[in-house]
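Engineer: File work.pdb follows (PDB, C-alpha atoms, pLDDT in the B column):
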ATOM      1  CA  MET R 271     -10.180   1.223  -2.471  1.00 91.00           C
ATOM      2  CA  ILE R 272      -9.238  -1.770  -0.386  1.00 95.00           C
ATOM      3  CA  ALA R 273      -8.563  -2.032   3.327  1.00 97.00           C
ATOM      4  CA  ILE R 274      -6.549  -4.374   5.492  1.00 98.00           C
ATOM      5  CA  LYS R 275      -6.531  -4.756   9.262  1.00 98.00           C
ATOM      6  CA  ASP R 276      -3.530  -5.456  11.460  1.00 97.00           C
ATOM      7  CA  ARG R 277      -2.920  -5.597  15.216  1.00 98.00           C
ATOM      8  CA  VAL R 278      -0.080  -3.439  16.532  1.00 97.00           C
ATOM      9  CA  ARG R 279       2.710  -5.686  17.771  1.00 97.00           C
ATOM     10  CA  PHE R 280       4.891  -4.858  20.782  1.00 95.00           C
ATOM     11  CA  VAL R 281       7.987  -4.888  18.555  1.00 96.00           C
ATOM     12  CA  GLU R 282       6.435  -2.050  16.496  1.00 96.00           C
ATOM     13  CA  THR R 283       6.312   0.313  19.487  1.00 96.00           C
ATOM     14  CA  ASP R 284       8.756   2.445  21.433  1.00 94.00           C
ATOM     15  CA  LEU R 285       9.195   2.534  25.222  1.00 90.00           C
ATOM     16  CA  MET R 286       5.962   4.531  25.542  1.00 90.00           C
ATOM     17  CA  GLY R 287       3.957   1.881  23.686  1.00 91.00           C
ATOM     18  CA  VAL R 288       3.520   4.225  20.706  1.00 96.00           C
ATOM     19  CA  VAL R 289       3.935   2.824  17.194  1.00 97.00           C
ATOM     20  CA  HIS R 290       7.290   3.851  15.697  1.00 96.00           C
ATOM     21  CA  HIS R 291       6.805   6.089  12.660  1.00 96.00           C
ATOM     22  CA  SER R 292       8.537   3.677  10.257  1.00 96.00           C
ATOM     23  CA  ASN R 293       5.777   1.104  10.668  1.00 97.00           C
ATOM     24  CA  TYR R 294       3.256   3.269   8.862  1.00 98.00           C
ATOM     25  CA  LEU R 295       5.300   2.874   5.675  1.00 98.00           C
ATOM     26  CA  ARG R 296       5.285  -0.886   6.178  1.00 97.00           C
ATOM     27  CA  TRP R 297       1.498  -0.787   6.565  1.00 98.00           C
ATOM     28  CA  PHE R 298       1.276   1.222   3.340  1.00 98.00           C
ATOM     29  CA  GLU R 299       3.231  -1.540   1.621  1.00 98.00           C
ATOM     30  CA  MET R 300       0.999  -4.256   3.048  1.00 98.00           C
ATOM     31  CA  ALA R 301      -2.104  -2.475   1.711  1.00 98.00           C
ATOM     32  CA  ARG R 302      -0.471  -1.814  -1.678  1.00 98.00           C
ATOM     33  CA  VAL R 303       0.511  -5.476  -2.068  1.00 97.00           C
ATOM     34  CA  GLU R 304      -3.014  -6.544  -1.086  1.00 97.00           C
ATOM     35  CA  TYR R 305      -4.463  -4.181  -3.685  1.00 97.00           C
ATOM     36  CA  LEU R 306      -2.295  -5.791  -6.377  1.00 97.00           C
ATOM     37  CA  ARG R 307      -3.164  -9.285  -5.102  1.00 97.00           C
ATOM     38  CA  ARG R 308      -6.876  -8.478  -5.432  1.00 96.00           C
ATOM     39  CA  ALA R 309      -6.172  -7.372  -8.992  1.00 96.00           C
ATOM     40  CA  ASN R 310      -4.531 -10.782  -9.582  1.00 97.00           C
ATOM     41  CA  VAL R 311      -1.133  -9.144 -10.007  1.00 97.00           C
ATOM     42  CA  MET R 312       1.240 -11.322  -7.995  1.00 96.00           C
ATOM     43  CA  LEU R 313       4.591  -9.830  -7.063  1.00 94.00           C
ATOM     44  CA  PRO R 314       6.616 -13.041  -7.437  1.00 95.00           C
ATOM     45  CA  GLU R 315       5.211 -13.389 -10.965  1.00 95.00           C
ATOM     46  CA  LEU R 316       6.214  -9.817 -11.860  1.00 95.00           C
ATOM     47  CA  ILE R 317       9.692 -10.242 -10.393  1.00 95.00           C
ATOM     48  CA  ALA R 318      10.163 -13.540 -12.248  1.00 96.00           C
ATOM     49  CA  ALA R 319       9.248 -11.676 -15.455  1.00 94.00           C
ATOM     50  CA  GLY R 320      11.940  -9.080 -14.698  1.00 96.00           C
ATOM     51  CA  ILE R 321       9.457  -6.357 -13.736  1.00 96.00           C
ATOM     52  CA  LEU R 322      10.337  -4.351 -10.642  1.00 96.00           C
ATOM     53  CA  PHE R 323       8.487  -1.363  -9.187  1.00 95.00           C
ATOM     54  CA  PRO R 324      10.632   0.696  -6.832  1.00 96.00           C
ATOM     55  CA  ILE R 325       9.158   3.543  -4.816  1.00 97.00           C
ATOM     56  CA  THR R 326      10.228   6.940  -6.116  1.00 97.00           C
ATOM     57  CA  ASP R 327       8.232   9.088  -3.696  1.00 98.00           C
ATOM     58  CA  VAL R 328       6.639   8.531  -0.293  1.00 98.00           C
ATOM     59  CA  GLN R 329       4.786  10.916   1.998  1.00 98.00           C
ATOM     60  CA  CYS R 330       3.240  10.372   5.402  1.00 98.00           C
ATOM     61  CA  LYS R 331       1.417  12.813   7.639  1.00 98.00           C
ATOM     62  CA  TYR R 332       1.136  11.622  11.237  1.00 98.00           C
ATOM     63  CA  ILE R 333      -2.037  12.825  12.931  1.00 98.00           C
ATOM     64  CA  GLN R 334      -2.498  10.726  16.089  1.00 98.00           C
ATOM     65  CA  SER R 335      -0.560   7.889  17.682  1.00 97.00           C
ATOM     66  CA  ALA R 336      -1.376   4.212  17.436  1.00 97.00           C
ATOM     67  CA  TYR R 337      -0.569   2.042  20.457  1.00 97.00           C
ATOM     68  CA  PHE R 338       0.379  -1.520  21.275  1.00 96.00           C
ATOM     69  CA  ASP R 339      -2.397  -4.082  20.761  1.00 96.00           C
ATOM     70  CA  GLU R 340      -4.758  -1.747  18.897  1.00 97.00           C
ATOM     71  CA  ILE R 341      -6.189  -2.875  15.589  1.00 98.00           C
ATOM     72  CA  VAL R 342      -5.495  -0.493  12.739  1.00 98.00           C
ATOM     73  CA  ARG R 343      -7.225  -0.380   9.389  1.00 98.00           C
ATOM     74  CA  VAL R 344      -5.153   0.677   6.402  1.00 98.00           C
ATOM     75  CA  GLU R 345      -7.042   1.871   3.355  1.00 98.00           C
ATOM     76  CA  ALA R 346      -5.321   2.057  -0.014  1.00 97.00           C
ATOM     77  CA  GLU R 347      -6.721   3.749  -3.079  1.00 96.00           C
ATOM     78  CA  LEU R 348      -5.102   3.783  -6.497  1.00 96.00           C
ATOM     79  CA  VAL R 349      -5.194   7.467  -7.458  1.00 96.00           C
ATOM     80  CA  ASP R 350      -3.001   7.500 -10.574  1.00 96.00           C
ATOM     81  CA  PHE R 351      -2.038   4.650 -12.862  1.00 96.00           C
ATOM     82  CA  SER R 352      -0.256   4.269 -16.168  1.00 96.00           C
ATOM     83  CA  ARG R 353       1.864   1.583 -17.773  1.00 95.00           C
ATOM     84  CA  ALA R 354       4.889   3.362 -16.225  1.00 96.00           C
ATOM     85  CA  LYS R 355       3.748   4.149 -12.660  1.00 97.00           C
ATOM     86  CA  LEU R 356       1.345   3.510  -9.781  1.00 96.00           C
ATOM     87  CA  CYS R 357       0.328   6.155  -7.229  1.00 98.00           C
ATOM     88  CA  PHE R 358      -1.579   5.231  -4.079  1.00 98.00           C
ATOM     89  CA  ALA R 359      -3.181   7.278  -1.311  1.00 98.00           C
ATOM     90  CA  TYR R 360      -3.463   5.733   2.156  1.00 98.00           C
ATOM     91  CA  ARG R 361      -5.371   6.293   5.359  1.00 98.00           C
ATOM     92  CA  VAL R 362      -4.522   4.557   8.634  1.00 98.00           C
ATOM     93  CA  LEU R 363      -7.391   4.480  11.124  1.00 98.00           C
ATOM     94  CA  ARG R 364      -7.856   3.040  14.592  1.00 98.00           C
ATOM     95  CA  ASP R 365     -10.424   0.363  13.827  1.00 97.00           C
ATOM     96  CA  ALA R 366     -12.291   0.622  17.141  1.00 97.00           C
ATOM     97  CA  ASP R 367     -13.387   4.246  16.644  1.00 98.00           C
ATOM     98  CA  ASP R 368     -12.396   5.195  13.066  1.00 98.00           C
ATOM     99  CA  VAL R 369      -9.987   7.881  14.304  1.00 98.00           C
ATOM    100  CA  LEU R 370      -7.606   8.936  11.533  1.00 98.00           C
ATOM    101  CA  LEU R 371      -4.029   8.222  12.642  1.00 98.00           C
ATOM    102  CA  ALA R 372      -2.061   8.953   9.472  1.00 98.00           C
ATOM    103  CA  GLU R 373      -2.440   9.533   5.784  1.00 98.00           C
ATOM    104  CA  GLY R 374       0.051   9.295   2.980  1.00 98.00           C
ATOM    105  CA  LYS R 375       0.955   8.696  -0.625  1.00 98.00           C
ATOM    106  CA  THR R 376       3.412   6.581  -2.567  1.00 98.00           C
ATOM    107  CA  GLN R 377       4.555   6.516  -6.159  1.00 98.00           C
ATOM    108  CA  ASN R 378       6.113   3.448  -7.757  1.00 98.00           C
ATOM    109  CA  VAL R 379       7.549   3.250 -11.253  1.00 98.00           C
ATOM    110  CA  PHE R 380       7.944   0.076 -13.286  1.00 97.00           C
ATOM    111  CA  THR R 381      11.486  -0.846 -14.260  1.00 97.00           C
ATOM    112  CA  GLY R 382      13.361  -3.744 -15.729  1.00 96.00           C
ATOM    113  CA  THR R 383      16.092  -5.474 -13.753  1.00 94.00           C
ATOM    114  CA  ASN R 384      18.525  -2.955 -15.272  1.00 94.00           C
ATOM    115  CA  GLY R 385      16.755  -0.171 -13.345  1.00 93.00           C
ATOM    116  CA  LYS R 386      15.494   1.604 -16.443  1.00 96.00           C
ATOM    117  CA  ILE R 387      11.839   2.641 -16.561  1.00 95.00           C
ATOM    118  CA  SER R 388       9.761   0.227 -18.585  1.00 95.00           C
ATOM    119  CA  ARG R 389       6.109  -0.305 -19.433  1.00 96.00           C
ATOM    120  CA  LEU R 390       3.939  -2.770 -17.575  1.00 96.00           C
ATOM    121  CA  PRO R 391       2.623  -5.481 -19.934  1.00 96.00           C
ATOM    122  CA  GLN R 392      -0.996  -4.965 -20.998  1.00 96.00           C
ATOM    123  CA  LEU R 393      -2.184  -8.142 -19.232  1.00 96.00           C
ATOM    124  CA  TYR R 394      -1.307  -6.652 -15.831  1.00 96.00           C
ATOM    125  CA  CYS R 395      -2.660  -3.213 -16.792  1.00 96.00           C
ATOM    126  CA  ASP R 396      -6.001  -4.766 -17.663  1.00 96.00           C
ATOM    127  CA  ARG R 397      -6.173  -6.565 -14.307  1.00 96.00           C
ATOM    128  CA  ILE R 398      -5.381  -3.412 -12.341  1.00 96.00           C
ATOM    129  CA  GLN R 399      -7.868  -1.363 -14.366  1.00 94.00           C
ATOM    130  CA  ALA R 400     -10.593  -3.948 -13.767  1.00 94.00           C
ATOM    131  CA  LEU R 401     -10.186  -3.688  -9.991  1.00 93.00           C
ATOM    132  CA  ARG R 402      -9.904   0.088 -10.130  1.00 90.00           C
ATOM    133  CA  GLN R 403     -13.144   0.305 -12.085  1.00 87.00           C
ATOM    134  CA  ALA R 404     -14.864  -1.996  -9.597  1.00 85.00           C
ATOM    135  CA  LYS R 405     -14.307   0.914  -7.122  1.00 65.00           C
ATOM    136  CA  ASP R 406     -14.474  -1.287  -4.021  1.00 53.00           C
ATOM    137  CA  GLY R 407     -12.118  -4.152  -3.274  1.00 52.00           C
ATOM    138  CA  GLY R 408     -13.667  -4.711   0.182  1.00 53.00           C
ATOM    139  CA  LEU R 409     -12.019  -5.573   3.490  1.00 56.00           C
ATOM    140  CA  ALA R 410      -9.357  -8.195   4.044  1.00 51.00           C
TER
END
Represent the structure contained in this file as structure tokens.
Structural biologist:
Amino acid sequence: MIAIKDRVRFVETDLMGVVHHSNYLRWFEMARVEYLRRANVMLPELIAAGILFPITDVQCKYIQSAYFDEIVRVEAELVDFSRAKLCFAYRVLRDADDVLLAEGKTQNVFTGTNGKISRLPQLYCDRIQALRQAKDGGLA
């Protein structure tokens, strides 16, 4: 599991100062990318090699609202992994008091540039497995 922190920007809120629901998905992506970065799997490198990983499923359960200028902590845990897909579980918490704001899941599959499912090269699998086995990527 890894965690990132981010401060809620005014542009991410509605007229009531509440974070718009779409931003939680963006925070999921930020945490997922950080997880891969910590595994030394760099997205530009994958894309240059013709490896894409579109989302095929996303879920988000909203529990409490986040507000302008709060700091949120987004935790990402790799819960299922194969050479064909990645599945993450997420928790978004208000950092000041650890209140759970939202939780969710995503599934990505690996494809070539033609959009057909492909297998992730073993080099990248080994890197992801090494971080997953470490069990704790720490805080950003």
Engineer: Give one line per residue of stretch 317-398 of chain R that approaches stretch 279-300 of chain R to at most 7 Å, naming the two atoms of the closest pair and their distance in Å to one decimal, counting only C-alpha atoms; sort by chain then ascending residue number and deliver it as CSV.
Structural biologist:
residue,atom,partner,partner_atom,distance
R:Ser335,CA,R:Val288,CA,6.3
R:Ala336,CA,R:Val289,CA,5.5
R:Tyr337,CA,R:Val288,CA,4.6
R:Phe338,CA,R:Gly287,CA,5.5
R:Asp339,CA,R:Arg279,CA,6.1
R:Val344,CA,R:Trp297,CA,6.8
R:Tyr360,CA,R:Phe298,CA,6.6
Engineer: Would you please work out which residue, of R:Asn384, R:Gln377, R:Asn310, R:Gln334, is nearest to R:Ser352 when using all atoms listed in the file?
Structural biologist: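 Under the stated criterion, the closest residue is R:Gln377.
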Engineer: What does the PyMOL selection byres ((chain R and resi 362) around 9) select in this file, as a list of chain:residue names?
Structural biologist: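 On this input, the PyMOL selection byres ((chain R and resi 362) around 9) captures R:Tyr294, R:Trp297, R:Phe298, R:Val342, R:Arg343, R:Val344, R:Glu345, R:Tyr360, R:Arg361, R:Leu363, R:Arg364, R:Asp365, R:Val369, R:Leu370, R:Leu371, R:Ala372, R:Glu373, R:Gly374.
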Engineer: May I have the residues from that selection written out with C-alpha atoms, as a PDB file, in the coordinates of the input?
Structural biologist:
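In the end it all went to result_0.pdb:
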ATOM      1  CA  TYR R 294       3.256   3.269   8.862  1.00 98.00           C
ATOM      2  CA  TRP R 297       1.498  -0.787   6.565  1.00 98.00           C
ATOM      3  CA  PHE R 298       1.276   1.222   3.340  1.00 98.00           C
ATOM      4  CA  VAL R 342      -5.495  -0.493  12.739  1.00 98.00           C
ATOM      5  CA  ARG R 343      -7.225  -0.380   9.389  1.00 98.00           C
ATOM      6  CA  VAL R 344      -5.153   0.677   6.402  1.00 98.00           C
ATOM      7  CA  GLU R 345      -7.042   1.871   3.355  1.00 98.00           C
ATOM      8  CA  TYR R 360      -3.463   5.733   2.156  1.00 98.00           C
ATOM      9  CA  ARG R 361      -5.371   6.293   5.359  1.00 98.00           C
ATOM     10  CA  LEU R 363      -7.391   4.480  11.124  1.00 98.00           C
ATOM     11  CA  ARG R 364      -7.856   3.040  14.592  1.00 98.00           C
ATOM     12  CA  ASP R 365     -10.424   0.363  13.827  1.00 97.00           C
ATOM     13  CA  VAL R 369      -9.987   7.881  14.304  1.00 98.00           C
ATOM     14  CA  LEU R 370      -7.606   8.936  11.533  1.00 98.00           C
ATOM     15  CA  LEU R 371      -4.029   8.222  12.642  1.00 98.00           C
ATOM     16  CA  ALA R 372      -2.061   8.953   9.472  1.00 98.00           C
ATOM     17  CA  GLU R 373      -2.440   9.533   5.784  1.00 98.00           C
ATOM     18  CA  GLY R 374       0.051   9.295   2.980  1.00 98.00           C
TER      19      GLY R 374
END
Engineer: Write out as a PyMOL selection string the residues lying within 8 Å of stretch 322-328 of chain R, counting all atoms listed in the file and excluding same-chain residues fewer than 4 positions away.
Structural biologist: chain R and resi 316-317+374-383
Engineer: To test your reading of the syntax: which residues would the PyMOL selection byres ((chain R and resi 391) around 10) return for the file shown? Reply as a PyMOL selection string.
Structural biologist: chain R and resi 316+321+353-354+388-390+392-396
Engineer: Between atom CA of R:Arg308 and atom CA of R:Gly385, what is the distance, to one decimal in Å?
Structural biologist: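 Pair atom CA of R:Arg308 / atom CA of R:Gly385 returns 26.3 Å.
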Engineer: Pull out every residue that the PyMOL selection byres ((chain R and resi 349) around 10) matches in the shown coordinates and put them as a PyMOL selection string.
Structural biologist: chain R and resi 271+346-348+350-351+356-360+375-377+402
Engineer: Atom CA of R:Leu313 and atom CA of R:Lys355 are how many Å apart?
Structural biologist: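 Taking atom CA of R:Leu313 as the start and atom CA of R:Lys355 as the end point, the length is 15.1 Å.
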Engineer: Distance atom CA of R:Ile341-atom CA of R:Ala309, one decimal place?
Structural biologist: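 The value is 25.0 Å.
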Engineer: Hey, could you pull the box centre and edge lengths for stretch 370-378 of chain R, axis-aligned, 5 Å padding per side, all listed atoms, to one decimal in Å, as AutoDock Vina command-line options?
Structural biologist:
--center_x -0.7 --center_y 6.5 --center_z 2.4 --size_x 23.7 --size_y 16.1 --size_z 30.4
Engineer: Compare R:Ile398, R:Val278, R:Ile387, R:Ala301 by their minimum atom-to-atom distance to R:Glu340, counting all atoms listed in the file, and give me the closest one.
Structural biologist: R:Val278
Engineer: Pick from R:Ile333, R:Ile272, R:Ala404, R:Arg397: nearest to R:Val311, with all atoms listed in the file counted?
Structural biologist: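 Of the candidates, the smallest distance to R:Val311 is held by R:Arg397.
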Engineer: Write out N, CA and C atoms for stretch 296-325 of chain R, as an mmCIF file, in the frame of the given file.
Structural biologist:
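Output (part-v5.cif):
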data_model
loop_
_atom_site.group_PDB
_atom_site.id
_atom_site.type_symbol
_atom_site.label_atom_id
_atom_site.label_comp_id
_atom_site.auth_asym_id
_atom_site.auth_seq_id
_atom_site.Cartn_x
_atom_site.Cartn_y
_atom_site.Cartn_z
ATOM 1 N N ARG R 296 5.447 0.566 6.347
ATOM 2 C CA ARG R 296 5.285 -0.886 6.178
ATOM 3 C C ARG R 296 3.810 -1.220 5.980
ATOM 4 N N TRP R 297 2.931 -0.560 6.736
ATOM 5 C CA TRP R 297 1.498 -0.787 6.565
ATOM 6 C C TRP R 297 1.035 -0.323 5.193
ATOM 7 N N PHE R 298 1.598 0.784 4.700
ATOM 8 C CA PHE R 298 1.276 1.222 3.340
ATOM 9 C C PHE R 298 1.621 0.109 2.353
ATOM 10 N N GLU R 299 2.805 -0.476 2.530
ATOM 11 C CA GLU R 299 3.231 -1.540 1.621
ATOM 12 C C GLU R 299 2.297 -2.746 1.697
ATOM 13 N N MET R 300 1.904 -3.116 2.898
ATOM 14 C CA MET R 300 0.999 -4.256 3.048
ATOM 15 C C MET R 300 -0.307 -4.009 2.296
ATOM 16 N N ALA R 301 -0.843 -2.806 2.400
ATOM 17 C CA ALA R 301 -2.104 -2.475 1.711
ATOM 18 C C ALA R 301 -1.899 -2.429 0.202
ATOM 19 N N ARG R 302 -0.761 -1.890 -0.235
ATOM 20 C CA ARG R 302 -0.471 -1.814 -1.678
ATOM 21 C C ARG R 302 -0.346 -3.212 -2.275
ATOM 22 N N VAL R 303 0.354 -4.099 -1.597
ATOM 23 C CA VAL R 303 0.511 -5.476 -2.068
ATOM 24 C C VAL R 303 -0.841 -6.184 -2.104
ATOM 25 N N GLU R 304 -1.679 -5.932 -1.101
ATOM 26 C CA GLU R 304 -3.014 -6.544 -1.086
ATOM 27 C C GLU R 304 -3.854 -6.016 -2.242
ATOM 28 N N TYR R 305 -3.734 -4.742 -2.548
ATOM 29 C CA TYR R 305 -4.463 -4.181 -3.685
ATOM 30 C C TYR R 305 -4.070 -4.923 -4.959
ATOM 31 N N LEU R 306 -2.769 -5.091 -5.176
ATOM 32 C CA LEU R 306 -2.295 -5.791 -6.377
ATOM 33 C C LEU R 306 -2.743 -7.254 -6.374
ATOM 34 N N ARG R 307 -2.709 -7.884 -5.217
ATOM 35 C CA ARG R 307 -3.164 -9.285 -5.102
ATOM 36 C C ARG R 307 -4.627 -9.393 -5.521
ATOM 37 N N ARG R 308 -5.454 -8.456 -5.074
ATOM 38 C CA ARG R 308 -6.876 -8.478 -5.432
ATOM 39 C C ARG R 308 -7.091 -8.232 -6.918
ATOM 40 N N ALA R 309 -6.111 -7.579 -7.542
ATOM 41 C CA ALA R 309 -6.172 -7.372 -8.992
ATOM 42 C C ALA R 309 -5.577 -8.562 -9.738
ATOM 43 N N ASN R 310 -5.176 -9.601 -9.010
ATOM 44 C CA ASN R 310 -4.531 -10.782 -9.582
ATOM 45 C C ASN R 310 -3.192 -10.432 -10.234
ATOM 46 N N VAL R 311 -2.494 -9.498 -9.600
ATOM 47 C CA VAL R 311 -1.133 -9.144 -10.007
ATOM 48 C C VAL R 311 -0.234 -9.586 -8.856
ATOM 49 N N MET R 312 0.436 -10.722 -9.054
ATOM 50 C CA MET R 312 1.240 -11.322 -7.995
ATOM 51 C C MET R 312 2.691 -10.872 -8.125
ATOM 52 N N LEU R 313 3.234 -10.373 -7.032
ATOM 53 C CA LEU R 313 4.591 -9.830 -7.063
ATOM 54 C C LEU R 313 5.645 -10.848 -7.480
ATOM 55 N N PRO R 314 5.602 -12.076 -6.983
ATOM 56 C CA PRO R 314 6.616 -13.041 -7.437
ATOM 57 C C PRO R 314 6.570 -13.264 -8.956
ATOM 58 N N GLU R 315 5.372 -13.223 -9.522
ATOM 59 C CA GLU R 315 5.211 -13.389 -10.965
ATOM 60 C C GLU R 315 5.846 -12.208 -11.713
ATOM 61 N N LEU R 316 5.607 -10.992 -11.229
ATOM 62 C CA LEU R 316 6.214 -9.817 -11.860
ATOM 63 C C LEU R 316 7.735 -9.879 -11.772
ATOM 64 N N ILE R 317 8.240 -10.193 -10.603
ATOM 65 C CA ILE R 317 9.692 -10.242 -10.393
ATOM 66 C C ILE R 317 10.313 -11.312 -11.283
ATOM 67 N N ALA R 318 9.659 -12.473 -11.379
ATOM 68 C CA ALA R 318 10.163 -13.540 -12.248
ATOM 69 C C ALA R 318 10.196 -13.103 -13.709
ATOM 70 N N ALA R 319 9.290 -12.189 -14.083
ATOM 71 C CA ALA R 319 9.248 -11.676 -15.455
ATOM 72 C C ALA R 319 10.210 -10.497 -15.645
ATOM 73 N N GLY R 320 10.969 -10.170 -14.592
ATOM 74 C CA GLY R 320 11.940 -9.080 -14.698
ATOM 75 C C GLY R 320 11.329 -7.698 -14.547
ATOM 76 N N ILE R 321 10.137 -7.639 -13.940
ATOM 77 C CA ILE R 321 9.457 -6.357 -13.736
ATOM 78 C C ILE R 321 9.562 -5.980 -12.261
ATOM 79 N N LEU R 322 10.200 -4.857 -12.006
ATOM 80 C CA LEU R 322 10.337 -4.351 -10.642
ATOM 81 C C LEU R 322 9.528 -3.061 -10.541
ATOM 82 N N PHE R 323 9.259 -2.601 -9.332
ATOM 83 C CA PHE R 323 8.487 -1.363 -9.187
ATOM 84 C C PHE R 323 8.933 -0.628 -7.924
ATOM 85 N N PRO R 324 10.113 -0.025 -7.989
ATOM 86 C CA PRO R 324 10.632 0.696 -6.832
ATOM 87 C C PRO R 324 9.808 1.942 -6.515
ATOM 88 N N ILE R 325 9.800 2.304 -5.254
ATOM 89 C CA ILE R 325 9.158 3.543 -4.816
ATOM 90 C C ILE R 325 10.061 4.710 -5.179
#
